[in-house]
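Visitor: Dropping in input-v2.csv, which is CSV, C-alpha atoms:
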```csv
chain,number,residue,atom,x,y,z
S,1,MET,CA,147.6,207.7,166.5
S,2,THR,CA,146.3,209.4,163.4
S,3,THR,CA,146.1,213.1,162.7
S,4,THR,CA,143.0,214.9,164.0
S,5,ASP,CA,140.5,216.6,161.8
S,6,ASN,CA,137.5,218.7,162.8
S,7,LYS,CA,134.7,216.4,161.7
S,8,PRO,CA,132.5,214.9,164.4
S,9,ALA,CA,133.5,211.3,165.4
S,10,GLU,CA,131.8,208.7,163.4
S,11,ASN,CA,132.0,205.6,165.5
S,12,GLY,CA,128.4,204.5,164.9
S,13,VAL,CA,127.2,204.8,168.5
S,14,ASN,CA,123.9,206.6,169.0
S,15,VAL,CA,125.2,208.3,172.1
S,16,GLN,CA,122.4,210.8,172.3
S,17,ALA,CA,119.9,207.9,172.7
S,18,LEU,CA,122.0,206.6,175.6
S,19,LEU,CA,122.1,210.0,177.2
S,20,ASP,CA,118.4,210.3,176.8
S,21,ALA,CA,117.8,206.8,178.3
S,22,ARG,CA,119.9,207.8,181.3
S,23,GLU,CA,117.7,210.8,181.9
S,24,VAL,CA,114.4,208.9,181.4
S,25,LEU,CA,115.5,205.9,183.6
S,26,LYS,CA,116.6,208.3,186.5
S,27,GLY,CA,112.8,208.9,186.9
S,28,ALA,CA,111.6,205.4,186.0
S,29,PRO,CA,113.8,202.9,187.9
S,30,GLU,CA,111.3,200.0,187.2
S,31,ALA,CA,112.0,200.3,183.5
S,32,ALA,CA,115.7,199.9,184.1
S,33,GLN,CA,115.2,196.3,185.5
S,34,PHE,CA,116.4,193.9,182.9
S,35,THR,CA,116.5,190.1,183.0
S,36,TRP,CA,118.9,188.4,180.6
S,37,ARG,CA,118.3,184.7,179.9
S,38,ALA,CA,120.0,181.6,178.5
S,39,THR,CA,118.6,178.1,178.2
S,40,SER,CA,120.9,175.2,178.1
S,41,THR,CA,120.5,171.6,176.9
S,42,TRP,CA,122.9,168.7,177.6
S,43,LYS,CA,123.9,166.8,174.4
S,44,GLN,CA,122.6,163.4,175.5
S,45,GLY,CA,125.4,160.9,175.9
S,46,LYS,CA,128.0,163.4,174.6
S,47,GLY,CA,129.8,163.8,177.9
S,48,VAL,CA,130.3,167.4,179.1
S,49,ALA,CA,128.9,168.9,175.8
S,50,SER,CA,125.9,171.1,175.8
S,51,SER,CA,124.3,173.8,173.7
S,52,SER,CA,122.9,177.1,175.0
S,53,THR,CA,120.4,179.4,173.3
S,54,VAL,CA,119.8,183.1,173.8
S,55,GLN,CA,116.9,185.0,172.4
S,56,ASN,CA,114.5,186.5,174.9
S,57,PHE,CA,115.0,189.0,177.6
S,58,PHE,CA,113.0,191.4,179.8
S,59,GLY,CA,113.5,195.1,179.9
S,60,LEU,CA,111.8,198.5,179.7
S,61,GLY,CA,108.9,196.8,181.5
S,62,ALA,CA,108.2,194.3,178.7
S,63,GLU,CA,109.3,191.0,177.2
S,64,GLN,CA,111.9,191.7,174.4
S,65,GLN,CA,113.7,189.5,172.0
S,66,HIS,CA,116.9,189.6,169.9
S,67,LYS,CA,116.1,189.6,166.2
S,68,THR,CA,117.8,186.2,165.8
S,69,VAL,CA,118.2,183.2,168.0
S,70,SER,CA,121.8,182.6,169.0
S,71,THR,CA,123.0,179.1,169.8
S,72,PHE,CA,126.3,178.2,171.2
S,73,ASP,CA,128.1,174.8,171.4
S,74,ILE,CA,130.0,174.2,174.6
S,75,ASP,CA,132.4,171.5,175.3
S,76,HIS,CA,135.8,170.8,176.9
S,77,PRO,CA,139.1,170.4,175.0
S,78,GLU,CA,140.7,167.1,174.1
S,79,VAL,CA,143.3,167.6,176.8
S,80,PHE,CA,140.4,167.2,179.2
S,81,ALA,CA,139.4,163.9,177.5
S,82,ALA,CA,136.5,165.5,175.7
S,83,GLU,CA,135.7,166.0,172.1
S,84,ASP,CA,136.3,169.8,171.8
S,85,ASN,CA,133.1,170.5,169.8
S,86,GLY,CA,132.8,174.0,171.2
S,87,ILE,CA,134.8,176.3,173.4
S,88,THR,CA,135.1,175.7,177.2
S,89,PRO,CA,132.6,177.4,179.5
S,90,ILE,CA,135.1,179.6,181.2
S,91,GLU,CA,136.3,181.0,177.8
S,92,PHE,CA,132.8,182.5,177.3
S,93,LEU,CA,133.6,184.8,180.2
S,94,LEU,CA,136.6,186.2,178.3
S,95,VAL,CA,134.4,186.7,175.2
S,96,GLY,CA,131.9,188.6,177.2
S,97,LEU,CA,134.6,190.8,178.9
S,98,ALA,CA,136.2,191.6,175.6
S,99,GLY,CA,132.9,192.6,174.0
S,100,CYS,CA,131.8,194.7,177.0
S,101,LEU,CA,135.0,196.7,177.3
S,102,THR,CA,135.1,197.3,173.6
S,103,ALA,CA,131.5,198.5,173.5
S,104,GLY,CA,132.4,200.8,176.3
S,105,VAL,CA,135.5,202.2,174.5
S,106,ALA,CA,133.3,202.9,171.4
S,107,SER,CA,130.6,204.6,173.5
S,108,VAL,CA,132.9,206.7,175.5
S,109,ALA,CA,134.9,207.7,172.4
S,110,GLN,CA,131.7,208.8,170.7
S,111,ASN,CA,130.6,210.8,173.8
S,112,ARG,CA,134.0,212.5,173.9
S,113,GLY,CA,134.1,213.2,170.1
S,114,ILE,CA,137.1,210.9,169.6
S,115,GLN,CA,137.3,209.2,166.2
S,116,LEU,CA,138.3,205.6,166.6
S,117,HIS,CA,140.1,203.8,163.7
S,118,SER,CA,140.6,200.3,165.3
S,119,VAL,CA,140.2,198.7,168.6
S,120,GLU,CA,141.7,195.3,169.3
S,121,ALA,CA,141.9,193.5,172.6
S,122,THR,CA,143.6,190.4,173.8
S,123,ILE,CA,142.4,188.8,177.0
S,124,GLU,CA,144.0,186.2,179.0
S,125,GLY,CA,142.7,184.3,182.0
S,126,ASP,CA,145.1,182.3,184.2
S,127,HIS,CA,143.5,179.2,185.6
S,128,ASP,CA,144.9,176.6,187.9
S,129,VAL,CA,142.8,173.5,186.9
S,130,ARG,CA,143.7,171.7,190.2
S,131,GLY,CA,140.7,173.5,191.6
S,132,ILE,CA,138.1,172.1,189.3
S,133,LEU,CA,139.7,168.6,189.4
S,134,GLY,CA,139.6,168.6,193.2
S,135,ALA,CA,143.4,168.0,193.3
S,136,ASP,CA,144.0,170.7,195.8
S,137,PRO,CA,141.3,172.2,198.1
S,138,ASP,CA,143.3,175.4,198.5
S,139,VAL,CA,143.1,176.2,194.7
S,140,ARG,CA,140.1,178.2,193.6
S,141,ASN,CA,138.0,176.9,190.7
S,142,GLY,CA,137.8,180.1,188.7
S,143,PHE,CA,140.5,182.3,187.2
S,144,ASN,CA,143.5,183.3,189.2
S,145,ASP,CA,143.5,186.6,187.4
S,146,ILE,CA,142.6,188.2,184.0
S,147,LYS,CA,144.7,190.5,181.9
S,148,VAL,CA,143.3,192.6,179.1
S,149,LYS,CA,145.5,194.5,176.6
S,150,PHE,CA,144.0,197.1,174.3
S,151,ASN,CA,145.6,198.2,171.1
S,152,ILE,CA,143.7,201.3,169.9
S,153,ASP,CA,144.2,203.6,166.9
S,154,ALA,CA,142.3,206.8,167.3
S,155,ASP,CA,142.5,210.5,166.7
S,156,ALA,CA,143.6,211.0,170.3
S,157,SER,CA,146.7,211.1,172.5
S,158,LYS,CA,147.9,208.1,174.4
S,159,GLN,CA,146.6,209.7,177.6
S,160,GLU,CA,143.1,210.3,176.1
S,161,ILE,CA,143.0,206.7,174.9
S,162,GLU,CA,144.0,205.5,178.4
S,163,ALA,CA,141.2,207.6,179.8
S,164,LEU,CA,138.7,206.0,177.3
S,165,VAL,CA,139.7,202.6,178.5
S,166,ALA,CA,139.5,203.6,182.2
S,167,GLN,CA,136.0,205.0,181.7
S,168,SER,CA,134.9,201.9,179.9
S,169,GLN,CA,136.0,199.7,182.8
S,170,LYS,CA,134.2,202.0,185.2
S,171,ARG,CA,130.9,201.5,183.4
S,172,SER,CA,131.3,197.9,182.3
S,173,ALA,CA,128.7,195.3,183.3
S,174,VAL,CA,131.0,192.4,182.7
S,175,PHE,CA,134.0,194.0,184.3
S,176,ASP,CA,131.9,194.4,187.4
S,177,ALA,CA,130.4,190.9,187.2
S,178,LEU,CA,133.8,189.3,187.1
S,179,SER,CA,135.6,191.7,189.6
S,180,ASN,CA,132.9,191.5,192.2
S,181,PRO,CA,130.8,188.8,193.8
S,182,THR,CA,127.2,188.0,192.6
S,183,GLU,CA,124.7,185.8,194.5
S,184,ILE,CA,123.8,182.8,192.4
S,185,THR,CA,121.0,180.4,193.4
S,186,VAL,CA,120.8,177.0,191.8
S,187,GLU,CA,117.7,174.8,192.2
S,188,VAL,CA,116.4,171.6,190.8
S,189,VAL,CA,112.8,171.9,189.5
U,1,MET,CA,112.8,159.9,186.9
U,2,THR,CA,113.1,156.7,184.9
U,3,THR,CA,113.4,153.2,186.2
U,4,THR,CA,116.9,152.0,187.1
U,5,ASP,CA,118.7,149.2,185.4
U,6,ASN,CA,122.0,147.7,186.3
U,7,LYS,CA,124.1,148.7,183.3
U,8,PRO,CA,126.9,151.2,183.9
U,9,ALA,CA,126.0,154.8,183.2
U,10,GLU,CA,126.6,155.9,179.6
U,11,ASN,CA,126.8,159.6,179.8
U,12,GLY,CA,129.9,159.8,177.6
U,13,VAL,CA,132.2,161.3,180.1
U,14,ASN,CA,135.7,159.8,180.3
U,15,VAL,CA,135.7,160.1,184.1
U,16,GLN,CA,138.7,157.8,184.5
U,17,ALA,CA,140.9,160.2,182.5
U,18,LEU,CA,139.8,163.0,184.7
U,19,LEU,CA,140.5,161.0,187.9
U,20,ASP,CA,143.9,160.1,186.4
U,21,ALA,CA,144.6,163.8,185.6
U,22,ARG,CA,143.8,164.7,189.2
U,23,GLU,CA,146.4,162.3,190.5
U,24,VAL,CA,149.0,163.3,188.0
U,25,LEU,CA,148.5,167.1,188.6
U,26,LYS,CA,148.7,166.7,192.3
U,27,GLY,CA,152.4,166.0,191.7
U,28,ALA,CA,152.9,168.4,188.8
U,29,PRO,CA,151.2,171.7,189.7
U,30,GLU,CA,153.0,173.5,186.9
U,31,ALA,CA,151.2,171.4,184.3
U,32,ALA,CA,147.9,172.5,185.8
U,33,GLN,CA,148.5,176.2,185.0
U,34,PHE,CA,146.2,177.0,182.1
U,35,THR,CA,145.8,180.3,180.3
U,36,TRP,CA,142.6,180.8,178.3
U,37,ARG,CA,142.5,183.5,175.6
U,38,ALA,CA,140.2,185.5,173.5
U,39,THR,CA,141.0,188.2,171.0
U,40,SER,CA,138.5,190.9,170.1
U,41,THR,CA,138.1,193.3,167.2
U,42,TRP,CA,135.8,196.3,167.1
U,43,LYS,CA,133.6,196.4,164.0
U,44,GLN,CA,134.9,199.8,162.7
U,45,GLY,CA,132.1,202.4,162.6
U,46,LYS,CA,129.5,199.8,163.8
U,47,GLY,CA,129.0,201.3,167.2
U,48,VAL,CA,129.3,198.9,170.1
U,49,ALA,CA,129.6,195.9,167.9
U,50,SER,CA,132.7,193.6,168.0
U,51,SER,CA,133.7,190.1,167.2
U,52,SER,CA,135.8,187.8,169.4
U,53,THR,CA,137.8,184.8,168.4
U,54,VAL,CA,138.9,181.9,170.6
U,55,GLN,CA,141.3,179.2,169.5
U,56,ASN,CA,144.6,179.0,171.3
U,57,PHE,CA,145.2,178.3,174.9
U,58,PHE,CA,148.1,177.2,177.1
U,59,GLY,CA,148.0,174.2,179.4
U,60,LEU,CA,149.9,171.0,180.4
U,61,GLY,CA,153.1,173.1,179.9
U,62,ALA,CA,152.5,173.7,176.2
U,63,GLU,CA,150.6,175.8,173.7
U,64,GLN,CA,147.3,174.1,172.8
U,65,GLN,CA,144.6,174.8,170.4
U,66,HIS,CA,140.9,174.0,169.9
U,67,LYS,CA,140.4,172.0,166.7
U,68,THR,CA,138.4,174.8,165.2
U,69,VAL,CA,138.4,178.6,165.5
U,70,SER,CA,135.3,180.0,167.2
U,71,THR,CA,134.1,183.5,166.4
U,72,PHE,CA,131.4,185.3,168.2
U,73,ASP,CA,129.5,188.4,167.1
U,74,ILE,CA,128.7,190.8,170.0
U,75,ASP,CA,126.4,193.8,170.0
U,76,HIS,CA,123.7,195.5,172.0
U,77,PRO,CA,120.0,195.1,171.4
U,78,GLU,CA,117.8,197.6,169.6
U,79,VAL,CA,116.4,198.9,172.9
U,80,PHE,CA,119.9,200.2,173.6
U,81,ALA,CA,119.9,202.0,170.2
U,82,ALA,CA,122.2,199.4,168.7
U,83,GLU,CA,121.7,197.0,165.7
U,84,ASP,CA,121.4,193.7,167.7
U,85,ASN,CA,123.8,191.8,165.4
U,86,GLY,CA,124.9,189.5,168.2
U,87,ILE,CA,124.1,188.9,171.9
U,88,THR,CA,125.0,191.4,174.6
U,89,PRO,CA,128.3,190.9,176.4
U,90,ILE,CA,126.7,190.1,179.7
U,91,GLU,CA,124.6,187.3,178.2
U,92,PHE,CA,127.9,185.4,177.4
U,93,LEU,CA,128.3,185.1,181.2
U,94,LEU,CA,125.0,183.2,181.4
U,95,VAL,CA,126.0,181.0,178.5
U,96,GLY,CA,129.3,180.1,180.2
U,97,LEU,CA,127.6,179.4,183.5
U,98,ALA,CA,125.0,177.1,181.9
U,99,GLY,CA,127.7,175.2,180.1
U,100,CYS,CA,129.9,174.8,183.1
U,101,LEU,CA,127.2,173.6,185.5
U,102,THR,CA,125.9,171.2,182.9
U,103,ALA,CA,129.3,169.8,182.2
U,104,GLY,CA,129.7,169.3,186.0
U,105,VAL,CA,126.4,167.5,186.3
U,106,ALA,CA,127.4,165.1,183.5
U,107,SER,CA,130.8,164.5,185.0
U,108,VAL,CA,129.6,163.9,188.6
U,109,ALA,CA,126.7,161.7,187.3
U,110,GLN,CA,129.2,159.6,185.4
U,111,ASN,CA,131.5,159.3,188.5
U,112,ARG,CA,128.5,158.3,190.6
U,113,GLY,CA,127.2,155.8,188.1
U,114,ILE,CA,124.0,157.7,187.5
U,115,GLN,CA,122.5,157.5,184.0
U,116,LEU,CA,121.3,160.8,182.7
U,117,HIS,CA,118.5,161.1,180.2
U,118,SER,CA,118.2,164.8,179.8
U,119,VAL,CA,119.6,167.9,181.5
U,120,GLU,CA,118.1,171.3,180.8
U,121,ALA,CA,118.8,174.6,182.6
U,122,THR,CA,117.3,178.0,182.4
U,123,ILE,CA,119.4,180.8,183.7
U,124,GLU,CA,118.3,184.3,184.5
U,125,GLY,CA,120.4,187.3,185.4
U,126,ASP,CA,118.7,190.3,186.9
U,127,HIS,CA,120.4,193.6,185.9
U,128,ASP,CA,119.5,197.2,186.7
U,129,VAL,CA,120.9,199.1,183.7
U,130,ARG,CA,120.9,202.4,185.6
U,131,GLY,CA,124.4,201.3,186.7
U,132,ILE,CA,126.0,201.1,183.3
U,133,LEU,CA,124.2,204.2,182.1
U,134,GLY,CA,125.5,206.2,185.0
U,135,ALA,CA,122.0,207.1,186.0
U,136,ASP,CA,122.5,206.2,189.7
U,137,PRO,CA,126.0,205.8,191.3
U,138,ASP,CA,124.6,203.5,193.9
U,139,VAL,CA,123.5,200.8,191.4
U,140,ARG,CA,126.2,198.3,190.4
U,141,ASN,CA,127.1,197.7,186.8
U,142,GLY,CA,126.8,193.9,186.8
U,143,PHE,CA,124.0,191.5,187.7
U,144,ASN,CA,122.0,192.0,190.8
U,145,ASP,CA,121.7,188.2,191.1
U,146,ILE,CA,121.6,185.1,189.0
U,147,LYS,CA,119.1,182.2,189.2
U,148,VAL,CA,119.6,178.8,187.7
U,149,LYS,CA,116.9,176.2,187.4
U,150,PHE,CA,117.8,172.6,186.4
U,151,ASN,CA,115.3,170.1,185.0
U,152,ILE,CA,117.0,166.7,185.0
U,153,ASP,CA,115.7,163.3,184.0
U,154,ALA,CA,118.0,160.6,185.4
U,155,ASP,CA,117.9,157.1,186.9
U,156,ALA,CA,118.2,158.6,190.4
U,157,SER,CA,116.1,160.0,193.2
U,158,LYS,CA,115.3,163.7,193.5
U,159,GLN,CA,117.7,163.8,196.4
U,160,GLU,CA,120.5,162.2,194.3
U,161,ILE,CA,119.9,164.6,191.5
U,162,GLU,CA,120.0,167.6,193.9
U,163,ALA,CA,123.3,166.2,195.2
U,164,LEU,CA,124.7,166.0,191.6
U,165,VAL,CA,123.8,169.7,191.1
U,166,ALA,CA,125.3,170.7,194.4
U,167,GLN,CA,128.6,168.9,193.6
U,168,SER,CA,128.7,170.5,190.1
U,169,GLN,CA,128.4,173.9,191.7
U,170,LYS,CA,131.2,173.1,194.1
U,171,ARG,CA,133.6,172.3,191.3
U,172,SER,CA,132.4,174.8,188.7
U,173,ALA,CA,135.0,177.2,187.3
U,174,VAL,CA,132.4,179.6,186.1
U,175,PHE,CA,130.2,179.5,189.2
U,176,ASP,CA,133.3,180.5,191.2
U,177,ALA,CA,134.3,183.1,188.7
U,178,LEU,CA,130.9,184.8,189.0
U,179,SER,CA,130.4,184.2,192.7
U,180,ASN,CA,133.7,185.5,193.8
U,181,PRO,CA,136.0,188.4,192.9
U,182,THR,CA,138.8,188.1,190.4
U,183,GLU,CA,141.6,190.7,189.8
U,184,ILE,CA,141.4,192.1,186.3
U,185,THR,CA,144.2,194.3,184.9
U,186,VAL,CA,143.5,196.4,181.8
U,187,GLU,CA,146.2,198.2,179.9
U,188,VAL,CA,146.7,200.1,176.7
U,189,VAL,CA,149.7,198.8,174.7
```
Show the structure stored in the file as structure tokens.
Guide:
Amino acid sequence: MTTTDNKPAENGVNVQALLDAREVLKGAPEAAQFTWRATSTWKQGKGVASSSTVQNFFGLGAEQQHKTVSTFDIDHPEVFAAEDNGITPIEFLLVGLAGCLTAGVASVAQNRGIQLHSVEATIEGDHDVRGILGADPDVRNGFNDIKVKFNIDADASKQEIEALVAQSQKRSAVFDALSNPTEITVEVV
Amino acid sequence: MTTTDNKPAENGVNVQALLDAREVLKGAPEAAQFTWRATSTWKQGKGVASSSTVQNFFGLGAEQQHKTVSTFDIDHPEVFAAEDNGITPIEFLLVGLAGCLTAGVASVAQNRGIQLHSVEATIEGDHDVRGILGADPDVRNGFNDIKVKFNIDADASKQEIEALVAQSQKRSAVFDALSNPTEITVEVV
């Protein structure tokens, strides 16, 4: 914790734009319908390795795109008899959760006038791999549980920092997507 | 679909090692306990932007590490009044799902002696952003639903290809993690 001054918080979040968007979208629910996309290509003959690309998405009633194409190499580690030319698919879930909760902390801090100095998170997902290997039908395939630890330096009390993190969880897309079920349909075209 | 020949499938998956691991881990459940990790750092003053790093994990009873450090930039798009210096957290979930189902298709095809020529997937996640903006308390924060479409060229019938994809879903860590709830604890240290 650092001493407080009276300047407005400068966390770099345009919170007014987000508050304005909230008001606009209350009256325009169709504009709030986003579709996020990824396309994935198997690396032919390279076992479980693939690459995924993210650029386009739909939102505010129109096609949108990120300003750059992002490509991700995905593989399994050597302990799974693979070449480890990229992180494991399930690790991407932790990356997303870290980014979402951190974005939320920054946004809520800005909205509450709290100056942040640093925000670090460590995320761990426990995973019993007997599920995916088919070694025990009673073991689930996904994480057993996920633990997130935040270390935050801000001009705020411990209690205020805890409240920031709690509000971030409450509004987090990824926290919800991992905590609660989502219907997934898979088809061959 | 391509014509079948009689050579063994060469998809590059060491399926024997995975079958051996399954047998070994049946009798050694403690070795099957993995912990995946990511560490995340807010980009000070850069709004919702952060970077996450993945390298170390625990498994087979010991600390392990990927052969390289992977770092990911995470941000929000310009339509969310951010700088778009990285994909959005929730998009990482689609990247993980694509990679996991594709790895499964490759592994199951190898196990069934099916030669793959190409595997492409497009993944879409529908998301009503009124949830995360707090515009409507009845809208969830995460995806409404996720749709995956596979386009696979393999020495196999359409029915066999559909069976590959179905088995991949059945063993997928990420499919389970997104389809079913996981307990997440978040604390401030």
Visitor: One decimal, in Å: what's the spacing between CA of Thr122 (chain S) and CA of Val54 (chain S)?
Guide: 24.9 Å
Visitor: Write out as a list in words each polymer residue whose atoms come within 6 Å of Ile184 (chain S), counting all atoms listed in the file; drop sequence neighbours fewer than 4 positions from it.
Guide: Asp145, Ile146 and Lys147 of chain U
Visitor: Between S:Glu23, S:Asp73, S:Asp176, S:Glu63, which one has atoms that come closest to Trp42 (chain S), using only C-alpha atoms?
Guide: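 Distance minimum relative to Trp42 (chain S) lands on S:Asp73.
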Visitor: Applying 9 Å and all atoms listed in the file, which residues near Ser118 (chain S) remain after dropping the ones on its own chain fewer than 2 positions away? List them as a short mmCIF file (atom, residue, chain, number, x, y, z; two decimals) with C-alpha atoms, in the frame of the given file.
Guide:
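Done, and the output landed in result.cif:
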```cif
data_model
loop_
_atom_site.label_atom_id
_atom_site.label_comp_id
_atom_site.auth_asym_id
_atom_site.auth_seq_id
_atom_site.Cartn_x
_atom_site.Cartn_y
_atom_site.Cartn_z
CA LEU S 116 138.30 205.60 166.60
CA GLU S 120 141.70 195.30 169.30
CA ASN S 151 145.60 198.20 171.10
CA ILE S 152 143.70 201.30 169.90
CA ASP S 153 144.20 203.60 166.90
CA ALA S 154 142.30 206.80 167.30
CA THR U 41 138.10 193.30 167.20
CA TRP U 42 135.80 196.30 167.10
CA LYS U 43 133.60 196.40 164.00
CA GLN U 44 134.90 199.80 162.70
#
```
Visitor: Nearest to chain S among U:Asn141, U:Gln115, U:Thr88, U:Gln159, with distances taken over all atoms listed in the file: which residue is it?
Guide: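 Nearest candidate to chain S out of U:Asn141, U:Gln115, U:Thr88, U:Gln159: U:Asn141.
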Visitor: Which residues are close to Gly113 (chain S), i.e. within 12 Å by all atoms listed in the file, leaving aside same-chain residues fewer than 2 positions away? Reply as an mmCIF file with C-alpha atoms, in the coordinates of the input.
Guide:
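Saved file around15.cif follows:
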```cif
data_model
loop_
_atom_site.group_PDB
_atom_site.id
_atom_site.type_symbol
_atom_site.label_atom_id
_atom_site.label_comp_id
_atom_site.auth_asym_id
_atom_site.auth_seq_id
_atom_site.Cartn_x
_atom_site.Cartn_y
_atom_site.Cartn_z
ATOM 1 C CA THR S 4 143.000 214.900 164.000
ATOM 2 C CA ASP S 5 140.500 216.600 161.800
ATOM 3 C CA ASN S 6 137.500 218.700 162.800
ATOM 4 C CA LYS S 7 134.700 216.400 161.700
ATOM 5 C CA PRO S 8 132.500 214.900 164.400
ATOM 6 C CA ALA S 9 133.500 211.300 165.400
ATOM 7 C CA GLU S 10 131.800 208.700 163.400
ATOM 8 C CA ASN S 11 132.000 205.600 165.500
ATOM 9 C CA GLY S 12 128.400 204.500 164.900
ATOM 10 C CA VAL S 13 127.200 204.800 168.500
ATOM 11 C CA VAL S 15 125.200 208.300 172.100
ATOM 12 C CA VAL S 105 135.500 202.200 174.500
ATOM 13 C CA ALA S 106 133.300 202.900 171.400
ATOM 14 C CA SER S 107 130.600 204.600 173.500
ATOM 15 C CA VAL S 108 132.900 206.700 175.500
ATOM 16 C CA ALA S 109 134.900 207.700 172.400
ATOM 17 C CA GLN S 110 131.700 208.800 170.700
ATOM 18 C CA ASN S 111 130.600 210.800 173.800
ATOM 19 C CA GLN S 115 137.300 209.200 166.200
ATOM 20 C CA LEU S 116 138.300 205.600 166.600
ATOM 21 C CA ALA S 154 142.300 206.800 167.300
ATOM 22 C CA ASP S 155 142.500 210.500 166.700
ATOM 23 C CA ALA S 156 143.600 211.000 170.300
ATOM 24 C CA GLU S 160 143.100 210.300 176.100
ATOM 25 C CA LEU S 164 138.700 206.000 177.300
#
```
Visitor: Between U:Asp75, U:Thr35, U:Gln167, U:Asn85, single out the one closest to chain S, counting all atoms listed in the file.
Guide: U:Thr35
Visitor: Which one of S:Ile161, S:Val188, S:Ala166, S:Ala28 sits closest to chain U if you count all atoms listed in the file?
Guide: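 Among S:Ile161, S:Val188, S:Ala166, S:Ala28, it is S:Val188 that comes nearest to chain U.
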Visitor: Record the distance separating CA of Ala82 (chain U) and CA of Ala49 (chain U), expressed in Å with one decimal.
Guide: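 CA of Ala82 (chain U) sits 8.2 Å away from CA of Ala49 (chain U).
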Visitor: For each of U:Glu78, U:Asp126, U:Asp138, U:Glu83, take the minimum atom-to-atom distance to chain S, counting only C-alpha atoms, then give the residue where this is smallest.
Guide: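 Closest residue, counting only C-alpha atoms: U:Asp126.
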Visitor: Which residue gives the smallest distance to His117 (chain S) among U:Lys158, U:Lys26, U:Gly45, U:Arg37, with only C-alpha atoms counted?
Guide: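 Comparing U:Lys158, U:Lys26, U:Gly45, U:Arg37 against His117 (chain S), the winner is U:Gly45.
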Visitor: Give me the residues within 12 Å of region 56-60 of chain S as a ChimeraX atom specification, counting all atoms listed in the file and dropping any in the same chain fewer than 3 places off.
Guide: /S:21,24-25,28-39,53,63-70 /U:77-80,87-88,90-91,122-130
Visitor: Given the point (130.2, 182.1, 198.1) in the coordinates of this file, which residues lie within 12 Å, counting all atoms listed in the file, and how would they look as a list in words?
Guide: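 The residues that fall inside the cut-off are Arg140, Asn141, Asn180, Pro181, Thr182, Glu183, Ile184 and Thr185 of chain S; Gln169, Lys170, Phe175, Asp176, Ala177, Leu178, Ser179, Asn180 and Pro181 of chain U.
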Visitor: Take CA of Ala173 (chain S) and CA of Ala121 (chain S) and report the distance between them in Å, one decimal.
Guide: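 We find that CA of Ala173 (chain S) and CA of Ala121 (chain S) lie 17.1 Å from each other.
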